[in-house]
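Have a look at the structure below, then the notes.
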Amino acid sequence: MIRKERFETLGVVFLGLFFVFAPVSVSFSQISIGVSFFLLFPLRYQKCQWKDPLLLFALLLYISITIPNLWLERSLPWKRIFTYSETSDVWMVLVLLLGSILTTDEKEKLKTYIYLGAVVLVLTGLISLFFPYRLSNFVMDGLKYVDGKRLPHKLMDLRPNIALYLPIGFQNTHLSLGGLLALYLPWLFIGIDSKKKTKWVFSFLFLILGFIVLFFNQSRSVLFGIIIAPFLMQNFQWDFVQRQKKKFIFFILIILLFVALLFQYNWLFKKAITDIFAKRSLENQRVLIHKANYSMLSEYWKTGIGSGNYPEQFKKSMENFVLENPEMYYEVSITPKKHAHFDLLHFWILGGIPGLLCFVGFVFIVTTRMKLEKNNAKYLIGIITIFLASVFQCYLLDDEVILPLFCFLIFLPTENKQTTNKRLFLFLILYWASALVFLYFYAKKDARDIFFHRARTENNFPSKVAERTIGGKYPVFFPNDTSQFYFKLEGCLDHKLSFYEKPIPRKSDFVFTFLKIEPNEGESDNNYEYPNKVTIEIRKRESFDQDERYAVQKEVVLETKSFTLNKARTEVRIPPPPVTSGAIHFIDFGIGYEFNSVTVAKTKVLPNIDIRPLCD
């Protein structure tokens with residue numbers, strides 16, 4: 001008996017270690033949960049509630065997305081389906097059994113471990129905010145930086161030797177960190193509820209620091225969810241929100257303050273927000289994703305495409321689009337193809353109607369049980385946040401997020417013996433249905449409104465001034481206190497490409513035109529000064545997507561040419577550089593304007609650049 005109790009205690013400890021180390025190491029945390037399960041399950045298997053609807057719907061969800069592989073002609077081998085596809089996460093569902101075999105006291109002890117995990121998550125996020133290397137790579141490479149490894153995005157320079165970077169903690173992406181912050185931050189309320197002043201201050205401090213990390217993390221989906229979720233819970237009469245109303249209002253005001261400051265002073269955050277409403281932006285990758293989503297859904301909405309088949313089916317569904325719009329090949333090829341960026345839509349595409357129903361059933365059980373569990377409801381607010389954020393990302397497919405989410409679900413009651421409140425679930429259904437309709441029309445955006453040639457500064461930051469001159473119809477004014485202006489213009493690939501054809505080296509010239517546009521029609525140009533000379537660098541850039549390969553794209557200058565800009569229209573033709581290897585490259589252009597002098601007597605105007613999608 002003593003030995004049995006020791007094993008049970010050890011099982012609970014390993015489960016607690018999972019919550020502590022999940023923000024740091026996926027491998028170690030998964031080993032911890034595995035050890036905990038195998039220590040507890042043999043000793044308490046009789047307590048397992050195998051007929052628990054939450055467990056059954058979770059299992060059916062993974063079964064529903066696997067079955068379509070039985071009749072699809074082109075599908076992954078079964079070995080890969082069970083190891084590398086969405087089906088490979090099915091083992092995580094067994095974690096839900098722990099909810100029925102853990103005692104109330106053991107669950108209370110686990111809250112301390114989760115609290116520590118939240119502190120660890122915030123600390124690692126803070127370190128990555130100031131650290132110039134990716135923490136996971138830096139640690140795995142022996143506490144050193146290896147040349148060629150991708151660096152984190154720089155957000156801003158605070159001082160000459162101090163900069164802020166996009167925080168990702170020990171995760172691979174900033175979205176994974178955002179999902180974990182959504183799940184963990186509410187558990188800091190354990191300390192805020194404490195009557196000990198020291199613990200209250202410590203918890204409040206880390207909650208504020210956690211929100212700071214979240215804001216700089218720029219997971220807009222999580223930010224949206226974490227702002228809306230408390231109001232939803234208050235609207236649906238969650239008692240603890242009513243009791244903590246002043247604290248929630250205070251936190252929301254802090255959130256809005258940080259959002260305002262970031263929008264004002266942080267270019268990357270401002271870009272992330274403005275891109276949502278911009279006609280042409282990097283946000284258009286989502287247009288391509290949803291074009292493919294609805295193309296797949298129109299054909300497979302009943303039966304689904306099966307787990308593991310989304311990436312290949314994505315390319316197949318976009319084949320005709322690329323043939324009709326060849327300039328979109330690269331944009332489509334670098335668009336993330338692993339998931340639908342909308343959990344409900346992804347499980348519908350994979351599993352058809354059965355997958356959709358199982359997903360909805362799973363969410364129904366989770367949301368109605370949260371209403372019952374008043375003691376833990378405020379700590380599980382992160383789950384509602386994930387459901388809200390899942391319209392923009394597939395958090396239920398992210399291994400770094402889904403396993404902690406399943407583990408947090410063990411704090412829900414395992415039986416529904418009371419009348420449940422379904423209003424929160426009905427709100428989510430209406431919310432998802434509205435999103436499906438919006439995205440359907442959003443995906444109909446024309447290719448001409450998606451593609452554009454981007455402009456970058458010398459340090460590869462977006463150059464808004466230069467971008468306004470590309471295909472522009474209006475004059476772009478330039479500060480009078482300088483005589484030079486340089487930027488990099490994104491060109492075109494040195495091969496003709498499509499998904500299922502062999503690459504063909506480009507033979508036609510790269511062509512673009514510099515246009516001098518008068519600020520006011522008919523007005524003399526004596527009041528304005530245009531650059532009299534332009535120097536053009538022909539640059540070769542590796543075309544692979546650095547977000548996909550986590551490496552830095554290399555650029556080299558092949559040749560430099562100079563032209564005089566003494567006409568209203570100056571056409572430039574660049575012969576395609578010889579192809580020296582089978583690799584695909586971009587041919588970009590470094591453009592440097594020179595003005596006659598630095599003077600305030602005349603207003604400086606940059607030429608507009610007319611360049612077609614294929615640079616021809």
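Letters A, B, ... mark the chains of the structure tokens in the order given; residue numbers begin at 1 per chain; ligand numbers begin at 1, in order shown.
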
Who sits within 6 Å of segment 569-580 of chain A, only C-alpha atoms, same chain under 3 positions skipped, as a list in words: Asp509, Phe510, Val511, Phe512, Thr513, Phe514 and Leu515 of chain A

Applying 9 Å and only C-alpha atoms, which residues near His339 of chain A remain after dropping the ones on its own chain fewer than 5 positions away? List them as JSON, numbers by chain. {"A": [289, 310, 311, 346, 393, 394, 397]}

Report as a PDB file with N, CA and C atoms, in the first residue's frame all protein, DNA and RNA residues lying within 10 Å of segment 470-480 of chain A, evaluated on only C-alpha atoms, omitting residues in the same chain fewer than 5 positions from it.
ATOM      1  N   PHE A 452       1.858  42.733 -55.331  1.00  0.00           N
ATOM      2  CA  PHE A 452       2.553  44.002 -55.486  1.00  0.00           C
ATOM      3  C   PHE A 452       4.041  43.795 -55.237  1.00  0.00           C
ATOM      4  N   HIS A 453       4.853  44.651 -55.841  1.00  0.00           N
ATOM      5  CA  HIS A 453       6.299  44.602 -55.658  1.00  0.00           C
ATOM      6  C   HIS A 453       6.650  45.391 -54.395  1.00  0.00           C
ATOM      7  N   ARG A 454       7.242  44.722 -53.435  1.00  0.00           N
ATOM      8  CA  ARG A 454       7.537  45.364 -52.163  1.00  0.00           C
ATOM      9  C   ARG A 454       8.834  46.165 -52.237  1.00  0.00           C
ATOM     10  N   ALA A 455       8.957  47.121 -51.347  1.00  0.00           N
ATOM     11  CA  ALA A 455      10.172  47.936 -51.260  1.00  0.00           C
ATOM     12  C   ALA A 455      10.728  47.830 -49.848  1.00  0.00           C
ATOM     13  N   VAL A 465       7.835  54.949 -47.932  1.00  0.00           N
ATOM     14  CA  VAL A 465       7.976  56.034 -48.896  1.00  0.00           C
ATOM     15  C   VAL A 465       8.203  55.463 -50.286  1.00  0.00           C
ATOM     16  N   PHE A 485      18.634  58.969 -51.832  1.00  0.00           N
ATOM     17  CA  PHE A 485      17.589  58.090 -51.317  1.00  0.00           C
ATOM     18  C   PHE A 485      17.801  56.702 -51.911  1.00  0.00           C
ATOM     19  N   LEU A 489      14.077  47.231 -54.420  1.00  0.00           N
ATOM     20  CA  LEU A 489      12.816  46.929 -55.080  1.00  0.00           C
ATOM     21  C   LEU A 489      12.738  45.435 -55.368  1.00  0.00           C
ATOM     22  N   THR A 513       9.936  51.249 -65.609  1.00  0.00           N
ATOM     23  CA  THR A 513      10.019  52.617 -66.108  1.00  0.00           C
ATOM     24  C   THR A 513       9.929  53.617 -64.968  1.00  0.00           C
ATOM     25  N   PHE A 514      10.802  54.633 -65.017  1.00  0.00           N
ATOM     26  CA  PHE A 514      10.753  55.745 -64.061  1.00  0.00           C
ATOM     27  C   PHE A 514       9.909  56.862 -64.669  1.00  0.00           C
ATOM     28  N   LEU A 515       8.912  57.337 -63.920  1.00  0.00           N
ATOM     29  CA  LEU A 515       8.004  58.370 -64.406  1.00  0.00           C
ATOM     30  C   LEU A 515       8.064  59.594 -63.500  1.00  0.00           C
ATOM     31  N   LYS A 516       8.215  60.764 -64.133  1.00  0.00           N
ATOM     32  CA  LYS A 516       8.157  62.014 -63.384  1.00  0.00           C
ATOM     33  C   LYS A 516       6.723  62.542 -63.446  1.00  0.00           C
ATOM     34  N   ILE A 517       6.056  62.566 -62.306  1.00  0.00           N
ATOM     35  CA  ILE A 517       4.667  63.009 -62.257  1.00  0.00           C
ATOM     36  C   ILE A 517       4.604  64.391 -61.632  1.00  0.00           C
ATOM     37  N   GLU A 518       3.981  65.339 -62.357  1.00  0.00           N
ATOM     38  CA  GLU A 518       3.869  66.704 -61.858  1.00  0.00           C
ATOM     39  C   GLU A 518       2.926  66.747 -60.654  1.00  0.00           C
ATOM     40  N   PRO A 519       3.315  67.458 -59.589  1.00  0.00           N
ATOM     41  CA  PRO A 519       2.431  67.576 -58.422  1.00  0.00           C
ATOM     42  C   PRO A 519       1.068  68.167 -58.764  1.00  0.00           C
ATOM     43  N   ASN A 520       1.065  69.151 -59.665  1.00  0.00           N
ATOM     44  CA  ASN A 520      -0.186  69.757 -60.116  1.00  0.00           C
ATOM     45  C   ASN A 520      -0.155  69.845 -61.632  1.00  0.00           C
ATOM     46  N   TYR A 528       9.878  72.310 -58.150  1.00  0.00           N
ATOM     47  CA  TYR A 528      10.119  70.954 -57.673  1.00  0.00           C
ATOM     48  C   TYR A 528      11.444  70.445 -58.213  1.00  0.00           C
ATOM     49  N   GLU A 529      12.051  69.592 -57.439  1.00  0.00           N
ATOM     50  CA  GLU A 529      13.330  69.017 -57.851  1.00  0.00           C
ATOM     51  C   GLU A 529      13.217  67.503 -57.908  1.00  0.00           C
ATOM     52  N   TYR A 530      13.534  66.924 -59.070  1.00  0.00           N
ATOM     53  CA  TYR A 530      13.562  65.487 -59.249  1.00  0.00           C
ATOM     54  C   TYR A 530      15.008  65.013 -59.219  1.00  0.00           C
ATOM     55  N   PHE A 595      20.088  63.661 -56.015  1.00  0.00           N
ATOM     56  CA  PHE A 595      19.608  64.991 -56.362  1.00  0.00           C
ATOM     57  C   PHE A 595      20.813  65.904 -56.595  1.00  0.00           C
ATOM     58  N   SER A 597      21.486  68.871 -55.376  1.00  0.00           N
ATOM     59  CA  SER A 597      22.027  69.530 -54.187  1.00  0.00           C
ATOM     60  C   SER A 597      21.042  69.398 -53.041  1.00  0.00           C
ATOM     61  N   VAL A 598      21.544  69.733 -51.860  1.00  0.00           N
ATOM     62  CA  VAL A 598      20.675  69.793 -50.681  1.00  0.00           C
ATOM     63  C   VAL A 598      20.188  71.227 -50.550  1.00  0.00           C
ATOM     64  N   THR A 599      18.912  71.450 -50.845  1.00  0.00           N
ATOM     65  CA  THR A 599      18.377  72.809 -50.809  1.00  0.00           C
ATOM     66  C   THR A 599      16.937  72.778 -50.340  1.00  0.00           C
ATOM     67  N   VAL A 600      16.529  73.821 -49.701  1.00  0.00           N
ATOM     68  CA  VAL A 600      15.134  73.927 -49.269  1.00  0.00           C
ATOM     69  C   VAL A 600      14.347  74.823 -50.214  1.00  0.00           C
ATOM     70  N   ALA A 601      14.986  75.288 -51.250  1.00  0.00           N
ATOM     71  CA  ALA A 601      14.308  76.184 -52.181  1.00  0.00           C
ATOM     72  C   ALA A 601      13.256  75.453 -52.997  1.00  0.00           C
ATOM     73  N   LYS A 602      13.501  74.176 -53.264  1.00  0.00           N
ATOM     74  CA  LYS A 602      12.575  73.396 -54.060  1.00  0.00           C
ATOM     75  C   LYS A 602      12.120  72.152 -53.274  1.00  0.00           C
ATOM     76  N   THR A 603      10.917  71.727 -53.586  1.00  0.00           N
ATOM     77  CA  THR A 603      10.387  70.524 -52.956  1.00  0.00           C
ATOM     78  C   THR A 603      10.837  69.301 -53.739  1.00  0.00           C
ATOM     79  N   LYS A 604      11.454  68.350 -53.080  1.00  0.00           N
ATOM     80  CA  LYS A 604      11.967  67.160 -53.752  1.00  0.00           C
ATOM     81  C   LYS A 604      10.825  66.164 -53.992  1.00  0.00           C
ATOM     82  N   VAL A 605      10.853  65.574 -55.185  1.00  0.00           N
ATOM     83  CA  VAL A 605       9.826  64.629 -55.590  1.00  0.00           C
ATOM     84  C   VAL A 605      10.501  63.368 -56.121  1.00  0.00           C
ATOM     85  N   LEU A 606      10.052  62.208 -55.668  1.00  0.00           N
ATOM     86  CA  LEU A 606      10.599  60.940 -56.159  1.00  0.00           C
ATOM     87  C   LEU A 606       9.849  60.490 -57.403  1.00  0.00           C
ATOM     88  N   PRO A 607      10.555  59.912 -58.368  1.00  0.00           N
ATOM     89  CA  PRO A 607       9.866  59.373 -59.544  1.00  0.00           C
ATOM     90  C   PRO A 607       8.994  58.181 -59.163  1.00  0.00           C
ATOM     91  N   ASN A 608       7.921  57.982 -59.874  1.00  0.00           N
ATOM     92  CA  ASN A 608       7.124  56.778 -59.709  1.00  0.00           C
ATOM     93  C   ASN A 608       7.702  55.678 -60.589  1.00  0.00           C
ATOM     94  N   ILE A 609       7.493  54.443 -60.190  1.00  0.00           N
ATOM     95  CA  ILE A 609       8.047  53.310 -60.932  1.00  0.00           C
ATOM     96  C   ILE A 609       6.896  52.469 -61.473  1.00  0.00           C
ATOM     97  N   ASP A 610       6.890  52.291 -62.778  1.00  0.00           N
ATOM     98  CA  ASP A 610       5.891  51.451 -63.430  1.00  0.00           C
ATOM     99  C   ASP A 610       6.531  50.092 -63.711  1.00  0.00           C
ATOM    100  N   ILE A 611       6.085  49.062 -62.995  1.00  0.00           N
ATOM    101  CA  ILE A 611       6.641  47.722 -63.173  1.00  0.00           C
ATOM    102  C   ILE A 611       5.490  46.722 -63.176  1.00  0.00           C
ATOM    103  N   ARG A 612       5.448  45.854 -64.162  1.00  0.00           N
ATOM    104  CA  ARG A 612       4.370  44.888 -64.281  1.00  0.00           C
ATOM    105  C   ARG A 612       4.623  43.697 -63.347  1.00  0.00           C
TER     106      ARG A 612
END

Spatial neighbours of Leu436 of chain A, 10 Å, only C-alpha atoms, chain gap at least 4 places, as a ChimeraX atom specification: /A:290,294,342,344-345,391,430-432,440-442

Grab the residues selected above and save them as a compact mmCIF listing (two decimals), in the first residue's frame with C-alpha atoms.
# COMPACT_ATOMS: atom_id res chain seq x y z
CA HIS A 290 -8.96 30.85 -47.68
CA TYR A 294 -13.15 27.12 -49.89
CA PHE A 342 -9.32 28.34 -38.61
CA LEU A 344 -13.41 24.60 -37.19
CA LEU A 345 -12.77 25.01 -40.92
CA VAL A 391 -10.90 31.80 -36.12
CA LEU A 430 -22.92 32.29 -34.19
CA TYR A 431 -19.41 33.77 -34.03
CA TRP A 432 -17.91 30.95 -36.11
CA TYR A 440 -16.01 33.29 -47.99
CA PHE A 441 -16.39 36.77 -49.47
CA TYR A 442 -12.94 37.81 -48.24

Find the spatial neighbours of Val93 of chain A, counting only C-alpha atoms, within a cut-off of 10 Å - ignore same-chain residues fewer than 3 positions away - and output them as number ranges by chain. A: 54-59, 62, 89-90, 96-97, 402-403, 406-407

Any idea what's packed within 6 Å of Leu164 of chain A, counting only C-alpha atoms, ignoring anything in its chain fewer than 2 positions away? Could you give it as a ChimeraX atom specification? /A:129-130,155-156

Grab the residues selected above and save them as a PDB file, in the first residue's frame with N, CA and C atoms.
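Listed below is the output, out.pdb:
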ATOM      1  N   LEU A 129      12.433  38.676 -25.297  1.00  0.00           N
ATOM      2  CA  LEU A 129      12.123  40.038 -25.723  1.00  0.00           C
ATOM      3  C   LEU A 129      13.387  40.878 -25.877  1.00  0.00           C
ATOM      4  N   PHE A 130      14.411  40.573 -25.061  1.00  0.00           N
ATOM      5  CA  PHE A 130      15.657  41.337 -25.097  1.00  0.00           C
ATOM      6  C   PHE A 130      16.826  40.553 -25.703  1.00  0.00           C
ATOM      7  N   LEU A 155      12.163  44.493 -33.101  1.00  0.00           N
ATOM      8  CA  LEU A 155      11.017  45.382 -32.997  1.00  0.00           C
ATOM      9  C   LEU A 155      11.426  46.847 -32.983  1.00  0.00           C
ATOM     10  N   MET A 156      12.395  47.170 -32.128  1.00  0.00           N
ATOM     11  CA  MET A 156      12.818  48.562 -32.011  1.00  0.00           C
ATOM     12  C   MET A 156      14.134  48.646 -31.248  1.00  0.00           C
TER      13      MET A 156
END

Please provide the set of residues having any atom within 10 Å of Pro503 of chain A, restricted to only C-alpha atoms, with same-chain residues fewer than 6 positions apart removed, written as number ranges by chain. A: 494-497, 582-584

Keeping only N, CA, C and O atoms, take the residues you just selected and write them out as an mmCIF file, in the first residue's frame.
data_model
loop_
_atom_site.group_PDB
_atom_site.id
_atom_site.type_symbol
_atom_site.label_atom_id
_atom_site.label_comp_id
_atom_site.auth_asym_id
_atom_site.auth_seq_id
_atom_site.Cartn_x
_atom_site.Cartn_y
_atom_site.Cartn_z
ATOM 1 N N ASP A 494 13.906 34.263 -61.441
ATOM 2 C CA ASP A 494 14.705 34.073 -62.662
ATOM 3 C C ASP A 494 14.283 32.812 -63.428
ATOM 4 O O ASP A 494 14.954 32.399 -64.364
ATOM 5 N N HIS A 495 13.176 32.197 -63.014
ATOM 6 C CA HIS A 495 12.617 31.044 -63.706
ATOM 7 C C HIS A 495 11.102 31.226 -63.846
ATOM 8 O O HIS A 495 10.470 31.918 -63.039
ATOM 9 N N LYS A 496 10.534 30.592 -64.845
ATOM 10 C CA LYS A 496 9.088 30.489 -64.960
ATOM 11 C C LYS A 496 8.670 29.213 -64.249
ATOM 12 O O LYS A 496 9.183 28.134 -64.526
ATOM 13 N N LEU A 497 7.704 29.336 -63.315
ATOM 14 C CA LEU A 497 7.394 28.215 -62.439
ATOM 15 C C LEU A 497 5.895 27.982 -62.315
ATOM 16 O O LEU A 497 5.089 28.902 -62.442
ATOM 17 N N GLY A 582 20.812 24.934 -60.484
ATOM 18 C CA GLY A 582 19.399 24.603 -60.559
ATOM 19 C C GLY A 582 18.546 25.339 -59.550
ATOM 20 O O GLY A 582 17.327 25.189 -59.549
ATOM 21 N N ALA A 583 19.176 26.149 -58.684
ATOM 22 C CA ALA A 583 18.427 26.864 -57.647
ATOM 23 C C ALA A 583 17.608 27.997 -58.251
ATOM 24 O O ALA A 583 17.979 28.588 -59.273
ATOM 25 N N ILE A 584 16.490 28.297 -57.610
ATOM 26 C CA ILE A 584 15.618 29.394 -58.033
ATOM 27 C C ILE A 584 15.970 30.635 -57.223
ATOM 28 O O ILE A 584 16.098 30.579 -56.003
#

In Å, with one decimal, what is the gap from atom CA of His153 of chain A to atom CA of Leu166 of chain A? 5.3 Å

From a DSSP calculation on the backbone, collect every residue of segment 462-595 of chain A in alpha helix (DSSP H) and output the set as a ChimeraX atom specification. /A:464-469,546-549

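Residues of segment 115-227 of chain A that DSSP, applied to the backbone, places in strand (DSSP E): Lys154, Leu155, Met156, Asp157, Leu158, Arg159, Ile162, Ala163, Leu164 and Tyr165 of chain A.
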
Save out the residues we just selected, N, CA, C and O atoms, as a tab-separated table (two decimals), in the first residue's frame.
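Written output follows (part-v1.tsv):
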chain	number	residue	atom	x	y	z
A	154	LYS	N	13.54	42.01	-35.14
A	154	LYS	CA	13.81	43.15	-34.26
A	154	LYS	C	12.60	44.09	-34.29
A	154	LYS	O	12.09	44.44	-35.35
A	155	LEU	N	12.16	44.49	-33.10
A	155	LEU	CA	11.02	45.38	-33.00
A	155	LEU	C	11.43	46.85	-32.98
A	155	LEU	O	10.89	47.67	-33.71
A	156	MET	N	12.40	47.17	-32.13
A	156	MET	CA	12.82	48.56	-32.01
A	156	MET	C	14.13	48.65	-31.25
A	156	MET	O	14.52	47.70	-30.55
A	157	ASP	N	14.81	49.77	-31.39
A	157	ASP	CA	16.02	50.06	-30.61
A	157	ASP	C	15.65	50.99	-29.47
A	157	ASP	O	15.17	52.10	-29.68
A	158	LEU	N	15.87	50.50	-28.23
A	158	LEU	CA	15.62	51.34	-27.07
A	158	LEU	C	16.77	52.31	-26.85
A	158	LEU	O	16.56	53.50	-26.61
A	159	ARG	N	17.99	51.78	-26.94
A	159	ARG	CA	19.22	52.55	-26.83
A	159	ARG	C	20.21	51.98	-27.83
A	159	ARG	O	19.96	50.93	-28.43
A	162	ILE	N	20.78	48.43	-26.79
A	162	ILE	CA	19.64	47.68	-26.26
A	162	ILE	C	18.51	47.71	-27.28
A	162	ILE	O	18.10	48.78	-27.72
A	163	ALA	N	18.03	46.53	-27.66
A	163	ALA	CA	16.94	46.44	-28.63
A	163	ALA	C	15.88	45.49	-28.11
A	163	ALA	O	16.12	44.67	-27.22
A	164	LEU	N	14.69	45.59	-28.66
A	164	LEU	CA	13.59	44.68	-28.35
A	164	LEU	C	13.35	43.78	-29.56
A	164	LEU	O	13.40	44.24	-30.71
A	165	TYR	N	13.10	42.50	-29.30
A	165	TYR	CA	12.87	41.52	-30.36
A	165	TYR	C	11.50	40.87	-30.16
A	165	TYR	O	10.97	40.83	-29.05

Could you state the separation of atom CA of Lys422 of chain A and atom CA of Tyr379 of chain A in Å, given to one decimal place?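 Answer for the atom CA of Lys422 of chain A to atom CA of Tyr379 of chain A separation: 19.8 Å.
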
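When only C-alpha atoms are used to measure the gap to Ala340 of chain A, the shortest distance among A:Ile353, A:Thr368, A:Phe21, A:Arg286 belongs to A:Arg286.
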
Which segment 92-156 of chain A residues have any atom within 9 Å of an atom of segment 33-39 of chain A, and for each, what is the nearest pair of atoms with distance in Å to one decimal, counting only C-alpha atoms, rows sorted by chain and number, as a Markdown table?
| residue | atom | partner | partner_atom | distance |
| --- | --- | --- | --- | --- |
| A:Leu94 | CA | A:Phe37 | CA | 8.7 |
| A:Val95 | CA | A:Phe37 | CA | 7.5 |
| A:Leu98 | CA | A:Phe37 | CA | 7.6 |

With distances taken over only C-alpha atoms, which residue among A:Leu223, A:Leu405, A:Cys615, A:Ile81 lies nearest Gly306 of chain A?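 The closest residue to Gly306 of chain A is A:Ile81.
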